[in-house]
>>> print(open('model_23.cif').read())   # mmCIF, C-alpha atoms
data_data
loop_
_atom_site.label_atom_id
_atom_site.label_comp_id
_atom_site.auth_asym_id
_atom_site.auth_seq_id
_atom_site.Cartn_x
_atom_site.Cartn_y
_atom_site.Cartn_z
CA MET A 1 93.60 -52.67 63.75
CA THR A 2 92.24 -53.22 67.27
CA THR A 3 93.20 -50.93 70.08
CA SER A 4 92.55 -51.45 73.74
CA THR A 5 91.06 -48.60 75.70
CA THR A 6 91.58 -50.31 79.05
CA ALA A 7 93.91 -48.22 81.17
CA THR A 8 96.82 -49.96 82.86
CA TRP A 9 95.74 -50.32 86.46
CA THR A 10 96.81 -51.90 89.71
CA LEU A 11 95.19 -52.39 93.08
CA ARG A 12 96.84 -51.34 96.31
CA PRO A 13 95.58 -51.70 99.85
CA ALA A 14 93.58 -48.73 101.08
CA LEU A 15 94.93 -46.59 103.88
CA PRO A 16 92.94 -44.72 106.54
CA GLU A 17 94.11 -41.44 105.02
CA ASP A 18 92.49 -42.31 101.65
CA VAL A 19 89.03 -41.70 103.09
CA GLU A 20 88.62 -38.05 102.04
CA ALA A 21 89.75 -38.65 98.45
CA LEU A 22 87.33 -41.58 98.23
CA ALA A 23 84.48 -39.57 99.74
CA GLU A 24 85.04 -36.91 97.09
CA LEU A 25 85.22 -39.51 94.29
CA ARG A 26 81.96 -41.06 95.54
CA ALA A 27 80.25 -37.66 95.43
CA VAL A 28 81.37 -37.04 91.84
CA VAL A 29 80.50 -40.52 90.56
CA MET A 30 77.13 -40.86 92.29
CA ARG A 31 75.85 -37.33 91.76
CA PRO A 32 74.06 -37.89 88.41
CA ASP A 33 72.16 -40.98 89.62
CA LEU A 34 71.35 -39.49 93.02
CA GLU A 35 70.10 -36.28 91.41
CA ARG A 36 67.96 -38.30 88.99
CA LEU A 37 66.42 -40.07 91.99
CA GLY A 38 66.00 -36.77 93.87
CA ARG A 39 68.34 -37.99 96.64
CA TYR A 40 71.53 -35.96 96.18
CA ASP A 41 72.80 -34.24 99.33
CA GLU A 42 76.28 -32.62 99.26
CA HIS A 43 77.13 -33.64 102.81
CA ARG A 44 75.36 -37.00 103.07
CA VAL A 45 76.91 -38.45 99.89
CA ARG A 46 80.38 -38.01 101.40
CA GLN A 47 79.48 -38.85 104.98
CA ARG A 48 78.02 -42.25 104.07
CA LEU A 49 81.42 -43.34 102.77
CA ARG A 50 83.20 -41.93 105.83
CA ASP A 51 80.81 -43.74 108.16
CA HIS A 52 81.28 -47.15 106.50
CA TYR A 53 84.88 -46.93 105.30
CA ALA A 54 86.74 -50.17 105.96
CA PRO A 55 90.33 -49.79 104.70
CA GLU A 56 91.10 -53.37 105.72
CA HIS A 57 88.67 -54.62 103.04
CA THR A 58 89.15 -51.83 100.49
CA SER A 59 91.49 -51.63 97.51
CA ILE A 60 92.49 -48.48 95.67
CA VAL A 61 92.47 -48.57 91.88
CA VAL A 62 95.67 -46.87 90.72
CA VAL A 63 96.07 -45.62 87.14
CA ASP A 64 99.23 -43.79 86.06
CA GLY A 65 100.35 -43.65 89.70
CA GLU A 66 97.19 -41.81 90.80
CA LEU A 67 94.16 -42.83 92.83
CA ALA A 68 91.51 -43.48 90.19
CA GLY A 69 88.97 -45.56 92.06
CA SER A 70 88.13 -47.88 94.90
CA VAL A 71 86.41 -51.13 95.65
CA THR A 72 85.49 -52.82 98.90
CA LEU A 73 85.07 -56.59 99.08
CA ARG A 74 84.21 -57.58 102.62
CA PRO A 75 83.17 -60.85 104.23
CA ALA A 76 79.41 -61.05 104.75
CA GLY A 77 77.89 -64.21 106.13
CA SER A 78 79.07 -67.12 104.00
CA GLY A 79 79.95 -64.88 101.05
CA LEU A 80 81.32 -61.48 100.13
CA ARG A 81 79.81 -58.03 99.76
CA LEU A 82 80.97 -55.72 96.96
CA GLU A 83 80.72 -52.07 97.97
CA ASN A 84 82.12 -48.66 97.09
CA PHE A 85 83.13 -49.60 93.55
CA TYR A 86 83.85 -46.18 92.13
CA LEU A 87 86.03 -45.21 89.17
CA SER A 88 86.97 -41.76 88.00
CA PRO A 89 84.50 -40.66 85.30
CA ALA A 90 87.46 -40.37 82.89
CA LEU A 91 87.72 -44.18 83.02
CA HIS A 92 84.04 -44.97 82.49
CA GLY A 93 83.36 -47.00 79.37
CA ARG A 94 87.04 -47.84 78.81
CA GLY A 95 87.10 -51.39 80.21
CA THR A 96 88.84 -50.65 83.48
CA GLY A 97 85.78 -51.40 85.61
CA THR A 98 85.30 -54.69 83.78
CA ALA A 99 88.94 -55.66 84.33
CA VAL A 100 88.84 -54.79 88.03
CA LEU A 101 85.54 -56.62 88.53
CA ARG A 102 86.83 -59.73 86.74
CA SER A 103 89.84 -59.88 89.06
CA LEU A 104 87.62 -59.62 92.15
CA LEU A 105 85.18 -62.22 90.90
CA ALA A 106 88.03 -64.62 90.11
CA ARG A 107 89.10 -64.33 93.75
CA ALA A 108 85.54 -64.95 94.93
CA ASP A 109 85.27 -67.98 92.64
CA GLU A 110 88.51 -69.42 94.06
CA GLU A 111 87.00 -69.06 97.54
CA GLY A 112 83.66 -70.51 96.40
CA ALA A 113 81.96 -67.37 97.68
CA ALA A 114 78.77 -65.74 96.45
CA VAL A 115 79.05 -61.97 95.96
CA ARG A 116 76.24 -59.58 96.83
CA LEU A 117 75.87 -55.88 96.06
CA ASP A 118 73.33 -53.18 95.60
CA VAL A 119 73.16 -50.64 92.83
CA LEU A 120 70.95 -47.58 92.41
CA GLN A 121 67.83 -47.97 90.27
CA GLY A 122 68.62 -46.87 86.71
CA SER A 123 72.40 -46.89 87.18
CA ALA A 124 74.49 -47.88 84.15
CA ALA A 125 76.57 -50.01 86.54
CA ARG A 126 73.74 -52.54 86.71
CA ALA A 127 74.47 -53.65 83.12
CA LEU A 128 78.12 -54.24 84.05
CA TYR A 129 77.09 -56.46 86.94
CA GLU A 130 74.53 -58.37 84.84
CA ARG A 131 77.19 -59.06 82.18
CA HIS A 132 79.24 -60.71 84.92
CA GLY A 133 76.51 -63.04 86.15
CA PHE A 134 74.77 -60.99 88.83
CA THR A 135 71.03 -61.48 89.11
CA VAL A 136 68.39 -59.50 90.97
CA GLU A 137 67.46 -60.82 94.41
CA ARG A 138 65.09 -57.97 95.25
CA GLN A 139 64.60 -54.28 94.67
CA ASP A 140 62.97 -51.24 96.16
CA PRO A 141 62.30 -47.76 94.71
CA VAL A 142 65.95 -46.73 95.21
CA ASP A 143 68.14 -49.85 95.11
CA VAL A 144 68.50 -53.11 93.21
CA PHE A 145 70.01 -55.91 95.32
CA MET A 146 71.99 -58.43 93.27
CA VAL A 147 73.88 -61.67 93.81
CA ARG A 148 76.38 -63.73 91.83
CA THR A 149 76.99 -67.36 92.73
CA PRO A 150 80.52 -68.70 92.37
CA VAL A 151 81.59 -70.17 89.05
CA SER A 152 83.53 -73.39 89.37
#
>>> encode(input="model_23.cif", output="structure tokens")
Amino acid sequence: MTTSTTATWTLRPALPEDVEALAELRAVVMRPDLERLGRYDEHRVRQRLRDHYAPEHTSIVVVDGELAGSVTLRPAGSGLRLENFYLSPALHGRGTGTAVLRSLLARADEEGAAVRLDVLQGSAARALYERHGFTVERQDPVDVFMVRTPVS
């Protein structure tokens, strides 16, 4: 017998008032990787999201009626930039991130748009992106910059 562990999820448009919940989620999700890199700062981890929050390009991942994550997909040059893709740790490894990413990449493919992102060095999220066709463009000691060309 096969069982699915993917939670039932939906996306809703982000609202300006979602910013504090998303800043807190970012702090929780990023803490292990930022601590590993010696870059965790209680205030800065939240403030970076507040400073760059773009509700007009952000979707909220809703699971069981509750905010469970976020993802920003904003126009950038001739393509799209994937940012702030955070899921509640309770959903990690259950297929929800894969399902959300697939839906976003399908939209990008329909538009013929390349998608760029950056991920922290050593983050488990990098494997998710590589499984979906992202390749490394460049990297530095902290970040890996990746791109995925549209699939026709």
>>> atom_distance(input="model_23.cif", atom1="CA of Asp140 in chain A", atom2="CA of Leu120 in chain A")
9.5 Å
>>> closest_residue(input="model_23.cif", among="A:Ala27, A:Val142, A:Leu80, A:Val45", to="Gly112 in chain A", atoms="only C-alpha atoms")
A:Leu80
>>> resolve_selection(input="model_23.cif", expression="the PyMOL selection byres ((chain A and resi 84-96) around 7)", output="short mmCIF file (atom, residue, chain, number, x, y, z; two decimals) with C-alpha atoms, in the frame of the given file")
data_model
loop_
_atom_site.label_atom_id
_atom_site.label_comp_id
_atom_site.auth_asym_id
_atom_site.auth_seq_id
_atom_site.Cartn_x
_atom_site.Cartn_y
_atom_site.Cartn_z
CA THR A 5 91.06 -48.60 75.70
CA THR A 6 91.58 -50.31 79.05
CA ALA A 7 93.91 -48.22 81.17
CA LEU A 25 85.22 -39.51 94.29
CA ARG A 26 81.96 -41.06 95.54
CA VAL A 29 80.50 -40.52 90.56
CA ALA A 68 91.51 -43.48 90.19
CA GLY A 69 88.97 -45.56 92.06
CA SER A 70 88.13 -47.88 94.90
CA VAL A 71 86.41 -51.13 95.65
CA THR A 72 85.49 -52.82 98.90
CA GLU A 83 80.72 -52.07 97.97
CA GLY A 97 85.78 -51.40 85.61
CA THR A 98 85.30 -54.69 83.78
CA ALA A 99 88.94 -55.66 84.33
CA VAL A 100 88.84 -54.79 88.03
#
>>> closest_residue(input="model_23.cif", among="A:Pro141, A:Pro150, A:Gly133, A:Pro75", to="Ala106 in chain A", atoms="all atoms listed in the file")
A:Pro150
>>> resolve_selection(input="model_23.cif", expression="the PyMOL selection byres ((chain A and resi 53-59) around 7)", output="PyMOL selection string")
chain A and resi 11-16+49-52+60-61+70-74
>>> closest_residue(input="model_23.cif", among="A:Trp9, A:Ser152, A:Arg31, A:Glu66", to="Leu105 in chain A", atoms="all atoms listed in the file")
A:Ser152
>>> atom_distance(input="model_23.cif", atom1="CA of Ala23 in chain A", atom2="CA of Gln47 in chain A")
7.3 Å
>>> closest_residue(input="model_23.cif", among="A:Gly79, A:Arg116, A:Arg48, A:Ser123", to="Leu34 in chain A", atoms="all atoms listed in the file")
A:Ser123
>>> atom_distance(input="model_23.cif", atom1="CA of Glu42 in chain A", atom2="CA of Val19 in chain A")
16.1 Å
>>> closest_residue(input="model_23.cif", among="A:Arg36, A:Gly77, A:His43, A:Val151", to="Glu110 in chain A", atoms="all atoms listed in the file")
A:Val151
>>> decode(input="model_23.cif", residues="range 67-83 of chain A", atoms="all heavy atoms", output="compact mmCIF listing (two decimals), in the first residue's frame")
# COMPACT_ATOMS: atom_id res chain seq x y z
N LEU A 67 -1.45 29.50 7.71
CA LEU A 67 -0.24 29.90 7.01
C LEU A 67 0.86 28.88 7.34
O LEU A 67 1.18 28.68 8.50
CB LEU A 67 0.18 31.30 7.46
CG LEU A 67 1.38 31.92 6.75
CD1 LEU A 67 1.24 33.44 6.74
CD2 LEU A 67 2.69 31.52 7.36
N ALA A 68 1.38 28.24 6.30
CA ALA A 68 2.39 27.21 6.49
C ALA A 68 3.66 27.48 5.69
O ALA A 68 4.62 26.72 5.77
CB ALA A 68 1.83 25.84 6.11
N GLY A 69 3.64 28.56 4.91
CA GLY A 69 4.82 28.87 4.12
C GLY A 69 4.58 30.07 3.23
O GLY A 69 3.51 30.68 3.25
N SER A 70 5.62 30.38 2.46
CA SER A 70 5.53 31.48 1.51
C SER A 70 6.46 31.22 0.35
O SER A 70 7.40 30.42 0.45
CB SER A 70 5.90 32.81 2.17
OG SER A 70 7.29 32.86 2.42
N VAL A 71 6.18 31.93 -0.74
CA VAL A 71 7.08 31.90 -1.89
C VAL A 71 6.85 33.18 -2.68
O VAL A 71 5.72 33.62 -2.87
CB VAL A 71 6.89 30.64 -2.76
CG1 VAL A 71 5.50 30.58 -3.36
CG2 VAL A 71 7.97 30.55 -3.82
N THR A 72 7.95 33.78 -3.10
CA THR A 72 7.90 34.98 -3.93
C THR A 72 8.44 34.63 -5.30
O THR A 72 9.50 34.01 -5.41
CB THR A 72 8.74 36.12 -3.30
OG1 THR A 72 8.23 36.40 -2.00
CG2 THR A 72 8.70 37.38 -4.15
N LEU A 73 7.71 35.01 -6.33
CA LEU A 73 8.14 34.80 -7.71
C LEU A 73 7.94 36.14 -8.41
O LEU A 73 6.82 36.51 -8.76
CB LEU A 73 7.31 33.69 -8.37
CG LEU A 73 7.84 33.15 -9.69
CD1 LEU A 73 9.23 32.55 -9.53
CD2 LEU A 73 6.88 32.10 -10.24
N ARG A 74 9.04 36.87 -8.55
CA ARG A 74 8.93 38.23 -9.08
C ARG A 74 9.64 38.36 -10.42
O ARG A 74 10.62 37.66 -10.67
CB ARG A 74 9.45 39.25 -8.08
CG ARG A 74 10.92 39.30 -7.91
CD ARG A 74 11.40 40.49 -7.08
NE ARG A 74 11.31 40.22 -5.67
CZ ARG A 74 11.03 41.14 -4.77
NH1 ARG A 74 10.79 42.37 -5.12
NH2 ARG A 74 10.99 40.83 -3.49
N PRO A 75 9.13 39.25 -11.26
CA PRO A 75 9.80 39.51 -12.54
C PRO A 75 11.21 40.04 -12.28
O PRO A 75 11.43 40.84 -11.35
CB PRO A 75 8.94 40.60 -13.20
CG PRO A 75 7.63 40.55 -12.49
CD PRO A 75 7.91 40.06 -11.10
N ALA A 76 12.15 39.57 -13.08
CA ALA A 76 13.54 40.01 -12.96
C ALA A 76 14.17 39.94 -14.34
O ALA A 76 14.43 38.85 -14.85
CB ALA A 76 14.31 39.14 -11.98
N GLY A 77 14.36 41.08 -14.96
CA GLY A 77 14.90 41.08 -16.32
C GLY A 77 13.94 40.37 -17.25
O GLY A 77 12.74 40.63 -17.24
N SER A 78 14.44 39.43 -18.01
CA SER A 78 13.60 38.68 -18.95
C SER A 78 13.05 37.39 -18.33
O SER A 78 12.41 36.60 -19.02
CB SER A 78 14.38 38.35 -20.22
OG SER A 78 15.50 37.53 -19.89
N GLY A 79 13.29 37.19 -17.04
CA GLY A 79 12.84 35.97 -16.39
C GLY A 79 12.14 36.25 -15.08
O GLY A 79 11.53 37.30 -14.88
N LEU A 80 12.27 35.28 -14.17
CA LEU A 80 11.64 35.37 -12.85
C LEU A 80 12.68 35.07 -11.78
O LEU A 80 13.63 34.34 -12.02
CB LEU A 80 10.48 34.37 -12.75
CG LEU A 80 9.33 34.58 -13.73
CD1 LEU A 80 8.43 33.35 -13.76
CD2 LEU A 80 8.53 35.82 -13.34
N ARG A 81 12.45 35.60 -10.61
CA ARG A 81 13.32 35.34 -9.46
C ARG A 81 12.49 34.69 -8.36
O ARG A 81 11.47 35.23 -7.94
CB ARG A 81 13.91 36.66 -8.96
CG ARG A 81 14.82 36.46 -7.79
CD ARG A 81 16.10 37.25 -7.96
NE ARG A 81 17.00 36.93 -6.87
CZ ARG A 81 17.90 35.96 -6.90
NH1 ARG A 81 18.04 35.23 -7.97
NH2 ARG A 81 18.67 35.72 -5.87
N LEU A 82 12.93 33.51 -7.93
CA LEU A 82 12.28 32.78 -6.84
C LEU A 82 12.97 33.17 -5.54
O LEU A 82 14.19 33.03 -5.40
CB LEU A 82 12.41 31.28 -7.08
CG LEU A 82 11.75 30.37 -6.05
CD1 LEU A 82 10.24 30.39 -6.24
CD2 LEU A 82 12.27 28.95 -6.20
N GLU A 83 12.17 33.67 -4.59
CA GLU A 83 12.71 34.14 -3.32
C GLU A 83 11.78 33.70 -2.19
O GLU A 83 10.62 33.39 -2.41
CB GLU A 83 12.77 35.68 -3.29
CG GLU A 83 13.59 36.30 -4.38
CD GLU A 83 13.41 37.81 -4.45
OE1 GLU A 83 12.37 38.33 -3.99
OE2 GLU A 83 14.32 38.46 -4.98
